[in-house]
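Peer 1: Provided herewith: protein-v5.txt, compact mmCIF, C-alpha atoms.
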```
# COMPACT_ATOMS: atom_id res chain seq x y z
CA MET A 1 24.58 8.46 -0.95
CA ALA A 2 20.91 9.29 -0.25
CA GLN A 3 18.45 8.36 -2.93
CA GLU A 4 16.08 10.97 -4.27
CA ILE A 5 12.64 10.37 -5.69
CA LEU A 6 12.53 11.66 -9.25
CA TRP A 7 8.87 12.19 -10.01
CA LYS A 8 7.47 11.68 -13.46
CA ASP A 9 4.43 13.56 -14.70
CA ASP A 10 3.03 11.37 -17.48
CA ILE A 11 0.81 8.47 -16.49
CA ALA A 12 0.72 6.62 -19.82
CA SER A 13 4.49 6.37 -20.29
CA SER A 14 4.92 5.57 -16.61
CA LEU A 15 2.48 2.66 -16.90
CA GLU A 16 4.65 1.33 -19.73
CA GLU A 17 7.72 1.71 -17.54
CA ALA A 18 5.92 -0.05 -14.69
CA LYS A 19 5.05 -2.94 -16.97
CA ALA A 20 8.64 -3.29 -18.22
CA SER A 21 10.11 -3.11 -14.72
CA LYS A 22 7.37 -5.20 -13.07
CA LYS A 23 6.57 -2.41 -10.63
CA TYR A 24 3.43 -0.62 -9.58
CA LEU A 25 2.61 3.01 -10.19
CA PHE A 26 2.76 5.29 -7.18
CA LEU A 27 0.50 8.11 -8.28
CA GLU A 28 0.40 11.18 -6.08
CA PHE A 29 -1.99 14.08 -6.56
CA ASN A 30 -0.66 17.23 -5.03
CA HIS A 31 -0.25 20.89 -5.75
CA ALA A 32 2.54 23.38 -5.54
CA PRO A 33 2.72 25.42 -2.31
CA LYS A 34 0.91 28.74 -2.62
CA MET B 1 5.53 15.09 2.49
CA ASP B 2 8.39 16.75 0.60
CA ALA B 3 9.78 18.28 3.79
CA VAL B 4 9.71 15.24 6.05
CA THR B 5 8.57 11.94 4.56
CA TYR B 6 9.99 11.63 1.04
CA PRO B 7 13.57 12.72 1.94
CA GLN B 8 13.86 9.78 4.37
CA GLU B 9 16.28 7.26 2.91
CA GLU B 10 14.10 4.24 3.73
CA VAL B 11 11.04 5.86 2.12
CA ALA B 12 12.85 6.85 -1.06
CA ARG B 13 14.45 3.42 -1.37
CA TYR B 14 11.16 1.58 -0.87
CA ILE B 15 9.35 3.74 -3.43
CA LEU B 16 12.10 3.40 -6.02
CA ASP B 17 12.35 -0.37 -5.46
CA HIS B 18 8.63 -1.07 -5.85
CA PHE B 19 7.07 1.78 -7.82
CA VAL B 20 7.34 4.17 -10.71
CA PRO B 21 6.58 7.47 -8.92
CA VAL B 22 4.28 9.92 -10.70
CA ARG B 23 3.13 13.27 -9.35
CA ILE B 24 0.17 15.12 -10.79
CA ASP B 25 -0.29 18.82 -10.01
CA THR B 26 -4.00 19.17 -9.30
CA ASP B 27 -4.02 22.85 -10.33
CA GLU B 28 -2.40 22.13 -13.68
CA GLN B 29 -4.27 18.91 -14.45
CA PRO B 30 -7.87 19.29 -13.21
CA GLU B 31 -9.25 16.71 -15.67
CA LEU B 32 -6.86 13.99 -14.46
CA THR B 33 -7.57 15.01 -10.89
CA GLN B 34 -11.28 14.52 -11.47
CA LYS B 35 -10.77 11.29 -13.44
CA TYR B 36 -8.88 9.74 -10.52
CA ARG B 37 -11.28 11.24 -7.93
CA SER B 38 -8.74 13.20 -5.95
CA SER B 39 -10.71 15.69 -3.87
CA TRP B 40 -8.05 16.54 -1.30
CA THR B 41 -4.29 16.54 -1.40
CA PRO B 42 -2.16 14.64 -1.11
CA THR B 43 -4.01 11.66 -2.54
CA TYR B 44 -1.98 8.52 -3.25
CA LEU B 45 -3.04 5.74 -5.60
CA ILE B 46 -1.32 2.45 -6.24
CA LEU B 47 -1.98 1.24 -9.76
CA GLY B 48 -1.00 -1.92 -11.59
CA SER B 49 0.77 -1.52 -14.92
CA ASP B 50 -2.59 -2.07 -16.66
CA GLY B 51 -4.04 0.89 -14.78
CA THR B 52 -5.96 -1.16 -12.21
CA GLU B 53 -6.35 0.74 -8.95
CA TYR B 54 -5.39 -1.43 -5.97
CA TYR B 55 -5.12 1.06 -3.14
CA ARG B 56 -5.66 4.68 -2.24
CA GLU B 57 -5.04 6.91 0.74
CA THR B 58 -5.40 10.60 1.43
CA GLY B 59 -3.60 13.01 3.74
CA TYR B 60 -0.14 13.58 5.13
CA LEU B 61 1.63 10.46 6.38
CA PRO B 62 4.80 10.38 8.52
CA PRO B 63 7.58 8.20 7.11
CA ARG B 64 6.89 4.96 8.96
CA GLU B 65 3.14 5.23 8.41
CA LEU B 66 3.63 5.76 4.67
CA LEU B 67 5.91 2.72 4.60
CA ALA B 68 3.27 0.67 6.41
CA HIS B 69 0.64 1.80 3.91
CA LEU B 70 2.88 1.00 0.95
CA SER B 71 3.71 -2.48 2.28
CA LEU B 72 0.02 -3.11 2.86
CA ALA B 73 -0.80 -1.78 -0.61
CA VAL B 74 1.69 -4.07 -2.34
CA GLY B 75 0.44 -6.99 -0.25
CA ARG B 76 -3.20 -6.25 -1.03
CA ALA B 77 -2.37 -5.84 -4.73
CA ALA B 78 -0.64 -9.25 -4.82
CA PHE B 79 -3.57 -10.73 -2.92
CA GLU B 80 -6.11 -9.40 -5.43
CA GLN B 81 -4.00 -10.92 -8.21
CA ARG B 82 -4.11 -14.23 -6.30
CA ASN B 83 -0.34 -14.23 -5.81
CA PHE B 84 -0.72 -15.33 -2.22
CA ALA B 85 2.91 -16.15 -1.43
CA GLU B 86 3.95 -12.68 -2.54
CA ALA B 87 1.05 -11.15 -0.64
CA ALA B 88 2.06 -12.96 2.56
CA LYS B 89 5.60 -11.61 2.31
CA HIS B 90 4.50 -7.97 2.15
CA LEU B 91 1.69 -8.32 4.68
CA ALA B 92 4.11 -9.91 7.14
CA THR B 93 6.33 -6.86 6.69
CA VAL B 94 3.51 -4.62 7.93
CA VAL B 95 3.10 -6.79 11.02
CA GLU B 96 6.76 -7.34 11.82
CA ARG B 97 8.30 -4.00 10.90
CA TYR B 98 5.47 -1.54 11.58
CA GLY B 99 3.86 -3.13 14.60
CA GLU B 100 2.77 0.26 15.95
CA SER B 101 0.62 0.95 12.90
CA GLU B 102 -3.16 0.81 13.03
CA LEU B 103 -2.94 -1.12 9.77
CA VAL B 104 -1.66 -4.25 11.52
CA PRO B 105 -5.08 -5.91 12.09
CA GLU B 106 -5.94 -5.52 8.40
CA ALA B 107 -2.54 -6.92 7.42
CA LEU B 108 -3.06 -9.87 9.79
CA TYR B 109 -6.47 -10.57 8.28
CA PHE B 110 -5.14 -10.90 4.74
CA LEU B 111 -1.93 -12.57 5.94
CA GLY B 112 -4.02 -15.31 7.50
CA VAL B 113 -6.01 -15.85 4.31
CA SER B 114 -2.85 -15.78 2.19
CA LYS B 115 -1.16 -18.43 4.34
CA ASN B 116 -4.31 -20.55 4.13
CA LYS B 117 -4.33 -20.21 0.33
CA VAL B 118 -0.65 -21.15 0.03
CA SER B 119 -0.74 -24.19 2.32
CA GLY B 120 -4.35 -25.25 1.97
CA LYS B 121 -4.51 -25.41 5.76
CA ALA B 122 -7.30 -23.48 7.47
CA ASP B 123 -5.47 -23.87 10.77
CA GLU B 124 -2.80 -21.47 9.53
CA ARG B 125 -5.43 -18.82 8.84
CA ARG B 126 -6.99 -19.37 12.24
CA GLU B 127 -3.62 -19.12 13.98
CA VAL B 128 -2.94 -15.71 12.44
CA TRP B 129 -6.48 -14.51 12.98
CA LYS B 130 -6.20 -15.42 16.67
CA ARG B 131 -3.70 -12.58 16.97
CA ILE B 132 -6.41 -10.18 15.79
CA LYS B 133 -8.87 -11.62 18.28
CA ASP B 134 -6.40 -11.47 21.17
CA GLN B 135 -4.38 -8.33 20.44
CA TYR B 136 -6.87 -6.12 18.56
CA PRO B 137 -10.27 -7.13 19.99
CA LYS B 138 -11.80 -3.68 19.42
CA SER B 139 -10.84 -3.44 15.75
CA ASP B 140 -13.30 -3.93 12.92
CA TRP B 141 -11.11 -6.82 11.80
CA ALA B 142 -11.85 -8.66 15.05
CA LYS B 143 -15.51 -8.64 14.07
CA LYS B 144 -14.65 -10.14 10.69
CA VAL B 145 -12.77 -13.07 12.26
CA SER B 146 -15.16 -13.65 15.18
CA PHE B 147 -17.05 -16.42 13.36
CA ALA B 148 -13.88 -18.52 13.33
CA PHE B 149 -13.80 -18.64 17.13
CA GLU B 150 -17.44 -19.37 17.93
```
The structure in this file should be written as structure tokens.
Peer 2:
Amino acid sequence: MAQEILWKDDIASSLEEAKASKKYLFLEFNHAPK
Amino acid sequence: MDAVTYPQEEVARYILDHFVPVRIDTDEQPELTQKYRSSWTPTYLILGSDGTEYYRETGYLPPRELLAHLSLAVGRAAFEQRNFAEAAKHLATVVERYGESELVPEALYFLGVSKNKVSGKADERREVWKRIKDQYPKSDWAKKVSFAFE
């Protein structure tokens, strides 16, 4: 089954998650299509 | 990116295996956008869990080019943390799996240094750097290694 990227929107809590899981943060700045 | 790159199985798997993915809407969060100096979208940053920025790139990237950037980013991040064995593993991935990428000379440069750091043998660095000299003579990275072949 294909994996899907589930984006988070809070940097602080995601940094905590990254620390616990020994991962990096992939931080994307984008905007909704207009 | 949402239409082509992110739906690719290999891209999604790599991101989920190595990163916590966070997306900031620049219209909704102008202060964060300014804080992280994103002036054009998409902008991608790779941060350590302490918030240290290790890598950034801007603009649309096709799937394989994003994967090459991400492998280079993880390798460069490990390198900057002086984890040279880990760095070598990811930098070698750029070279071996994404050989068509323009990032290969940069990956070879840091791969050579990483191998040197792990083994203590300058010959290993020189051997890798020779590939830059021979295969990418017009790259900026060839200029950086030229002193080793004078």
Peer 1: Please, which residues in chain A fall within 6 Å of chain B when counting all atoms listed in the file, and what is the closest atom pair and distance in Å to one decimal for each, ordered by chain then residue number, as JSON lines?
Peer 2:
```
{"residue": "A:Ala2", "atom": "CA", "partner": "B:Glu9", "partner_atom": "CA", "distance": 6.0}
{"residue": "A:Ile5", "atom": "CA", "partner": "B:Ala12", "partner_atom": "CA", "distance": 5.8}
{"residue": "A:Trp7", "atom": "CA", "partner": "B:Val22", "partner_atom": "CA", "distance": 5.2}
{"residue": "A:Lys8", "atom": "CA", "partner": "B:Val22", "partner_atom": "CA", "distance": 4.6}
{"residue": "A:Asp9", "atom": "CA", "partner": "B:Val22", "partner_atom": "CA", "distance": 5.4}
{"residue": "A:Leu15", "atom": "CA", "partner": "B:Ser49", "partner_atom": "CA", "distance": 4.9}
{"residue": "A:Ala18", "atom": "CA", "partner": "B:Ser49", "partner_atom": "CA", "distance": 5.4}
{"residue": "A:Lys19", "atom": "CA", "partner": "B:Ser49", "partner_atom": "CA", "distance": 5.0}
{"residue": "A:Lys23", "atom": "CA", "partner": "B:Phe19", "partner_atom": "CA", "distance": 5.1}
{"residue": "A:Tyr24", "atom": "CA", "partner": "B:Phe19", "partner_atom": "CA", "distance": 4.7}
{"residue": "A:Leu25", "atom": "CA", "partner": "B:Val20", "partner_atom": "CA", "distance": 4.9}
{"residue": "A:Phe26", "atom": "CA", "partner": "B:Pro21", "partner_atom": "CA", "distance": 4.7}
{"residue": "A:Leu27", "atom": "CA", "partner": "B:Val22", "partner_atom": "CA", "distance": 4.8}
{"residue": "A:Glu28", "atom": "CA", "partner": "B:Tyr44", "partner_atom": "CA", "distance": 4.6}
{"residue": "A:Phe29", "atom": "CA", "partner": "B:Ile24", "partner_atom": "CA", "distance": 4.9}
{"residue": "A:Asn30", "atom": "CA", "partner": "B:Pro42", "partner_atom": "CA", "distance": 4.9}
{"residue": "A:His31", "atom": "CA", "partner": "B:Asp25", "partner_atom": "CA", "distance": 4.7}
```
Peer 1: One number please: CA of Tyr98 in chain B to CA of Pro137 in chain B, in Å, one decimal.
Peer 2: 18.7 Å
Peer 1: So the first atom is CA of Lys89 in chain B and the second is CA of Asp140 in chain B; what is the distance between them in Å, to one decimal place?
Peer 2: 23.0 Å
Peer 1: Would you mind reading off the distance between CA of Ala122 in chain B and CA of Ala85 in chain B, one decimal, in Å?
Peer 2: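 Value for the CA of Ala122 in chain B-CA of Ala85 in chain B distance: 15.4 Å.
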Peer 1: Can you tell me which residues surround Leu111 in chain B at a distance of at most 12 Å, considering all atoms listed in the file, apart from same-chain residues fewer than 3 positions away, and format the answer as a ChimeraX atom specification?
Peer 2: /B:72,75-76,78-79,83-96,104-108,114-118,124-132
Peer 1: Taking only C-alpha atoms into account, name the residue in B:Arg82, B:Lys133, B:Trp141, B:Lys121 that is nearest to Glu102 in chain B.
Peer 2: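 Of all the options, B:Trp141 lies closest to Glu102 in chain B.
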Peer 1: Write out as a list in words each polymer residue whose atoms come within 8 Å of Thr5 in chain B, counting all atoms listed in the file; drop sequence neighbours fewer than 5 positions from it.
Peer 2: Val11, Leu61, Pro62, Pro63 and Leu66 of chain B
